[in-house]
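Colleague: There's a structure below that I have some questions on.
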Number of protein chains: 2
Amino acid sequence: MKLAIYGYGNIGRGVELAARQNPDMELVGVFTRRDPATVQTLTGVNVFAADSIDDFVGKIDAVVLCGGSATDLPVLTPKLAEKFNVVDSFDTHARIPEHFAAVDAAARRGGTTALISGGWDPGMFSLARLYGGALLPEGKDYTFWGRGVSQGHSDAIRRIPGVADARQYTVPIAAALDAVRSGTQPELTAREKHLRECYVVAEEGADKAAIETAIKTMPNYFADYNTTVTFITAEELRREHAALPHGGFVIRSGTTGLNGEHKHSIEYRLELDSNPEFTAGALVALARAVSRMQEKGQTGCKTIFDVAPADLSPLSAEELRAHLL
Amino acid sequence: MKLAIYGYGNIGRGVELAARQNPDMELVGVFTRRDPATVQTLTGVNVFAADSIDDFVGKIDAVVLCGGSATDLPVLTPKLAEKFNVVDSFDTHARIPEHFAAVDAAARRGGTTALISGGWDPGMFSLARLYGGALLPEGKDYTFWGRGVSQGHSDAIRRIPGVADARQYTVPIAAALDAVRSGTQPELTAREKHLRECYVVAEEGADKAAIETAIKTMPNYFADYNTTVTFITAEELRREHAALPHGGFVIRSGTTGLNGEHKHSIEYRLELDSNPEFTAGALVALARAVSRMQEKGQTGCKTIFDVAPADLSPLSAEELRAHLL
């Protein structure tokens, strides 16, 4: 199948590499809003101007949209869904219903198949929550993130006066994980579930104590957590904190039996060296599914909840039954 | 939706209890090949003779078949699929293609929807293998079972002369799990992955040394594993080993990146106090899906690979997107 990448940042590069791992995929090209002459791809894939994508109608089975959720995707996904099957990784949880409605209307007009909010959260973690609740209706969901880099929290630190650069790690607290796994279904506060580790490069002459206070008291981002702040040099940040690891846990803790006497735990855990590359792997598998759903006449906007798992795999139904069931 | 239970053993009782946890489910009855007058259900559900199920055509949305894979299901599932939507937990991996073909032919004749091999392995573990391989095409799957009671291995011990009763626990070896989680993709032998713990009640005057040797040298079941044999009394077996816990791990270990430099691990873990009750919970969710697929005209034989996750949940598509995505 013929795949295109729209937007060439961390996720776009990840999609380029993921496509190489899937022999049934062929990359038509990378579409960018920058000057194509200035963009060098990792593996020599062709680069085109974003505006030229209309010339490729009928020549692309699915476009993977690799833009930001704040301003890019709310505009781009509906626009491209009018002419192409598309997949995005829209991750602003609160705005999913609104984004879904806009993309669904566009895809219905175009007779295309669109999938929004692919990746791992939203995405595989969402699936773990759905399966867990369906199998153990009497129970409780717990989602832990990390240990991993939170871009949103890193950005929040960078906006503080006197901060030159920063990296924030979200760290799940082992005692909370153990409590959840014990099956007691504890109520846990934000502070009990996650620790926030901040590595900060201060500008020359900046007031480090003031920066530390600004971080630790920042509402929503840090005030509700135990937060550590460590000042490091720009060189240390580059050397020790350049990677983008992430991961986490979704645990469903539930009970069954005549009197709820049997405890069960379903745990889905990710440990990722590269958040964008793993996300990209999910988007490529979802692009395969979107293309197959289009062939079956399943048009409109979908989410990972609507995708029959078999459609994600390059294997045939017979192979899946014989080897994976 | 209207559910029926066909066969009333451990899984049948589990389905009865699971249906109670799902407000959209109503149990039409339990169908048994025993004399219905001798069967007392846990929650007062009506009991009918198996043969009378034909009187219920059109009054049941899905029949959950709770029989054994060796002789019951290969006959029963195709037979019932001619007239009803059905779900079974057929778990003889090697015979799945053959069973699928027989059930598919019957369901196509009847215009019904059938799902085979539901539960957790096959079932949720199969799904974990499929998703893992689709997201990380360059990698390796590892499945570990336990700690839990293996009925097949317990039965094998009971067939040894001089054995009155037995319980066998399959135990995953922590060092092997750690090696897999490290991302090195080790090759592991059967012996390195699992330990077999046997609790045996010997008949009076039996030769315990001979029993221990017979167990430890039994081909396929024990010879390839480190096996411990502990002789206990019938009373100890009843008191300490009456439960049917189980569980396990499916781990996908894979790499991404320009030169495979990033490691990733996806781990799906179950810890179950009651193997049959958890299996039953999966079968009930699958029965919901089968009924919905029938409404959408998706007939024939399916597996969990064909089920769009949303169809397992009692929540609407809007609720799922707003709260779980």
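In the structure tokens, chains take letters A, B, ... by order of appearance, with residues numbered from 1 within each chain and ligands from 1 in the order shown.
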Please find the residues of chain B near chain A - the criterion being any atom within 6 Å, counting only C-alpha atoms - and write them as a PyMOL selection string.
Modeller: chain B and resi 122+126+134-135+262-273+281-282+305-310+313+324-325
Colleague: According to DSSP computed on the backbone, where in region 32-96 of chain B is there strand (DSSP E)? Give the residues as a list in words.
Modeller: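 The strand (DSSP E) subset of region 32-96 of chain B is Thr32, Val47, Phe48, Ala49, Ala62, Val63, Val64, Leu65, Val86 and Val87 of chain B.
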Colleague: DSSP on the backbone: which residues in region 56-187 of chain B end up as helix (DSSP H, G or I)? Give the answer as a ChimeraX atom specification.
Modeller: /B:56,72-81,93-110,124-135,151-158,174-181
Colleague: Keeping C-alpha atoms for every residue in the selection just given, could you write it to a file as an mmCIF file, in the first residue's frame?
Modeller:
data_model
loop_
_atom_site.group_PDB
_atom_site.id
_atom_site.type_symbol
_atom_site.label_atom_id
_atom_site.label_comp_id
_atom_site.auth_asym_id
_atom_site.auth_seq_id
_atom_site.Cartn_x
_atom_site.Cartn_y
_atom_site.Cartn_z
ATOM 1 C CA PHE B 56 -35.771 -21.275 21.738
ATOM 2 C CA ASP B 72 -17.749 -31.556 23.068
ATOM 3 C CA LEU B 73 -17.105 -28.358 21.126
ATOM 4 C CA PRO B 74 -16.023 -29.912 17.793
ATOM 5 C CA VAL B 75 -19.544 -31.376 17.593
ATOM 6 C CA LEU B 76 -21.636 -28.855 19.529
ATOM 7 C CA THR B 77 -20.418 -25.546 18.118
ATOM 8 C CA PRO B 78 -21.141 -26.374 14.451
ATOM 9 C CA LYS B 79 -24.460 -27.977 15.425
ATOM 10 C CA LEU B 80 -25.712 -24.969 17.398
ATOM 11 C CA ALA B 81 -24.238 -22.419 14.964
ATOM 12 C CA HIS B 93 -4.493 -24.549 19.291
ATOM 13 C CA ALA B 94 -3.448 -27.078 16.656
ATOM 14 C CA ARG B 95 -7.026 -27.879 15.663
ATOM 15 C CA ILE B 96 -8.292 -24.275 15.385
ATOM 16 C CA PRO B 97 -8.202 -24.116 11.532
ATOM 17 C CA GLU B 98 -10.279 -27.314 11.285
ATOM 18 C CA HIS B 99 -12.764 -26.188 13.948
ATOM 19 C CA PHE B 100 -13.033 -22.777 12.288
ATOM 20 C CA ALA B 101 -13.885 -24.365 8.934
ATOM 21 C CA ALA B 102 -16.635 -26.562 10.416
ATOM 22 C CA VAL B 103 -18.211 -23.717 12.398
ATOM 23 C CA ASP B 104 -17.930 -21.280 9.486
ATOM 24 C CA ALA B 105 -19.766 -23.667 7.141
ATOM 25 C CA ALA B 106 -22.549 -24.160 9.698
ATOM 26 C CA ALA B 107 -22.893 -20.431 10.466
ATOM 27 C CA ARG B 108 -23.031 -19.579 6.770
ATOM 28 C CA ARG B 109 -25.774 -22.152 6.245
ATOM 29 C CA GLY B 110 -27.698 -20.677 9.160
ATOM 30 C CA MET B 124 -6.718 -11.947 25.092
ATOM 31 C CA PHE B 125 -3.186 -13.382 24.873
ATOM 32 C CA SER B 126 -3.707 -13.947 21.139
ATOM 33 C CA LEU B 127 -4.733 -10.307 20.792
ATOM 34 C CA ALA B 128 -1.644 -9.183 22.691
ATOM 35 C CA ARG B 129 0.489 -11.179 20.228
ATOM 36 C CA LEU B 130 -1.321 -9.665 17.222
ATOM 37 C CA TYR B 131 -1.136 -6.050 18.429
ATOM 38 C CA GLY B 132 2.488 -6.498 19.497
ATOM 39 C CA GLY B 133 3.567 -7.842 16.122
ATOM 40 C CA ALA B 134 1.645 -5.178 14.199
ATOM 41 C CA LEU B 135 3.182 -2.310 16.195
ATOM 42 C CA GLN B 151 -5.808 -28.866 34.360
ATOM 43 C CA GLY B 152 -4.081 -30.851 31.617
ATOM 44 C CA HIS B 153 -0.948 -31.432 33.683
ATOM 45 C CA SER B 154 -2.979 -32.201 36.824
ATOM 46 C CA ASP B 155 -4.952 -34.805 34.837
ATOM 47 C CA ALA B 156 -1.753 -36.343 33.470
ATOM 48 C CA ILE B 157 -0.495 -36.915 37.029
ATOM 49 C CA ARG B 158 -3.821 -38.427 38.090
ATOM 50 C CA ALA B 174 11.528 -14.690 37.217
ATOM 51 C CA ALA B 175 15.018 -14.699 35.691
ATOM 52 C CA ALA B 176 13.565 -15.511 32.272
ATOM 53 C CA LEU B 177 10.994 -12.723 32.564
ATOM 54 C CA ASP B 178 13.746 -10.298 33.533
ATOM 55 C CA ALA B 179 15.885 -11.386 30.587
ATOM 56 C CA VAL B 180 12.977 -10.807 28.203
ATOM 57 C CA ARG B 181 12.157 -7.410 29.722
#
Colleague: Need the shell around Val149 (chain B): protein/DNA/RNA residues with any atom at most 6 Å away, counting only C-alpha atoms. Skip same-chain ones fewer than 6 positions apart. Format as number ranges by chain?
Modeller: B: 168-169, 244
Colleague: Take the selection from the previous step and output its residues with C-alpha atoms, as an mmCIF file, in the first residue's frame.
Modeller:
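As a result, part21.cif now contains:
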data_model
loop_
_atom_site.group_PDB
_atom_site.id
_atom_site.type_symbol
_atom_site.label_atom_id
_atom_site.label_comp_id
_atom_site.auth_asym_id
_atom_site.auth_seq_id
_atom_site.Cartn_x
_atom_site.Cartn_y
_atom_site.Cartn_z
ATOM 1 C CA GLN B 168 -0.017 -28.976 39.080
ATOM 2 C CA TYR B 169 1.039 -25.330 39.086
ATOM 3 C CA LEU B 244 -8.160 -22.303 40.166
#
Colleague: Write out as a PyMOL selection string which residues come within 7 Å of region 63-68 of chain A when counting only C-alpha atoms, dropping same-chain ones fewer than 4 positions away.
Modeller: chain A and resi 3-8+11-12+72-73+84-88
Colleague: Take the residues just selected and output them with C-alpha atoms as a PDB file, in the first residue's frame.
Modeller:
ATOM      1  CA  LEU A   3       1.648   5.769   2.305  1.00  0.00           C
ATOM      2  CA  ALA A   4       2.365   9.486   2.580  1.00  0.00           C
ATOM      3  CA  ILE A   5       3.750  11.489   5.491  1.00  0.00           C
ATOM      4  CA  TYR A   6       2.372  14.978   6.066  1.00  0.00           C
ATOM      5  CA  GLY A   7       4.624  16.947   8.427  1.00  0.00           C
ATOM      6  CA  TYR A   8       8.211  15.966   9.081  1.00  0.00           C
ATOM      7  CA  ILE A  11       6.739  11.500  14.442  1.00  0.00           C
ATOM      8  CA  GLY A  12       7.102  11.988  10.693  1.00  0.00           C
ATOM      9  CA  ASP A  72      -2.270  21.830  13.197  1.00  0.00           C
ATOM     10  CA  LEU A  73      -4.485  18.755  13.333  1.00  0.00           C
ATOM     11  CA  PHE A  84      -7.548  11.079   1.295  1.00  0.00           C
ATOM     12  CA  ASN A  85      -7.778   8.304   3.836  1.00  0.00           C
ATOM     13  CA  VAL A  86      -5.979   9.758   6.835  1.00  0.00           C
ATOM     14  CA  VAL A  87      -4.601   8.806  10.240  1.00  0.00           C
ATOM     15  CA  ASP A  88      -3.667  11.284  12.963  1.00  0.00           C
TER      16      ASP A  88
END
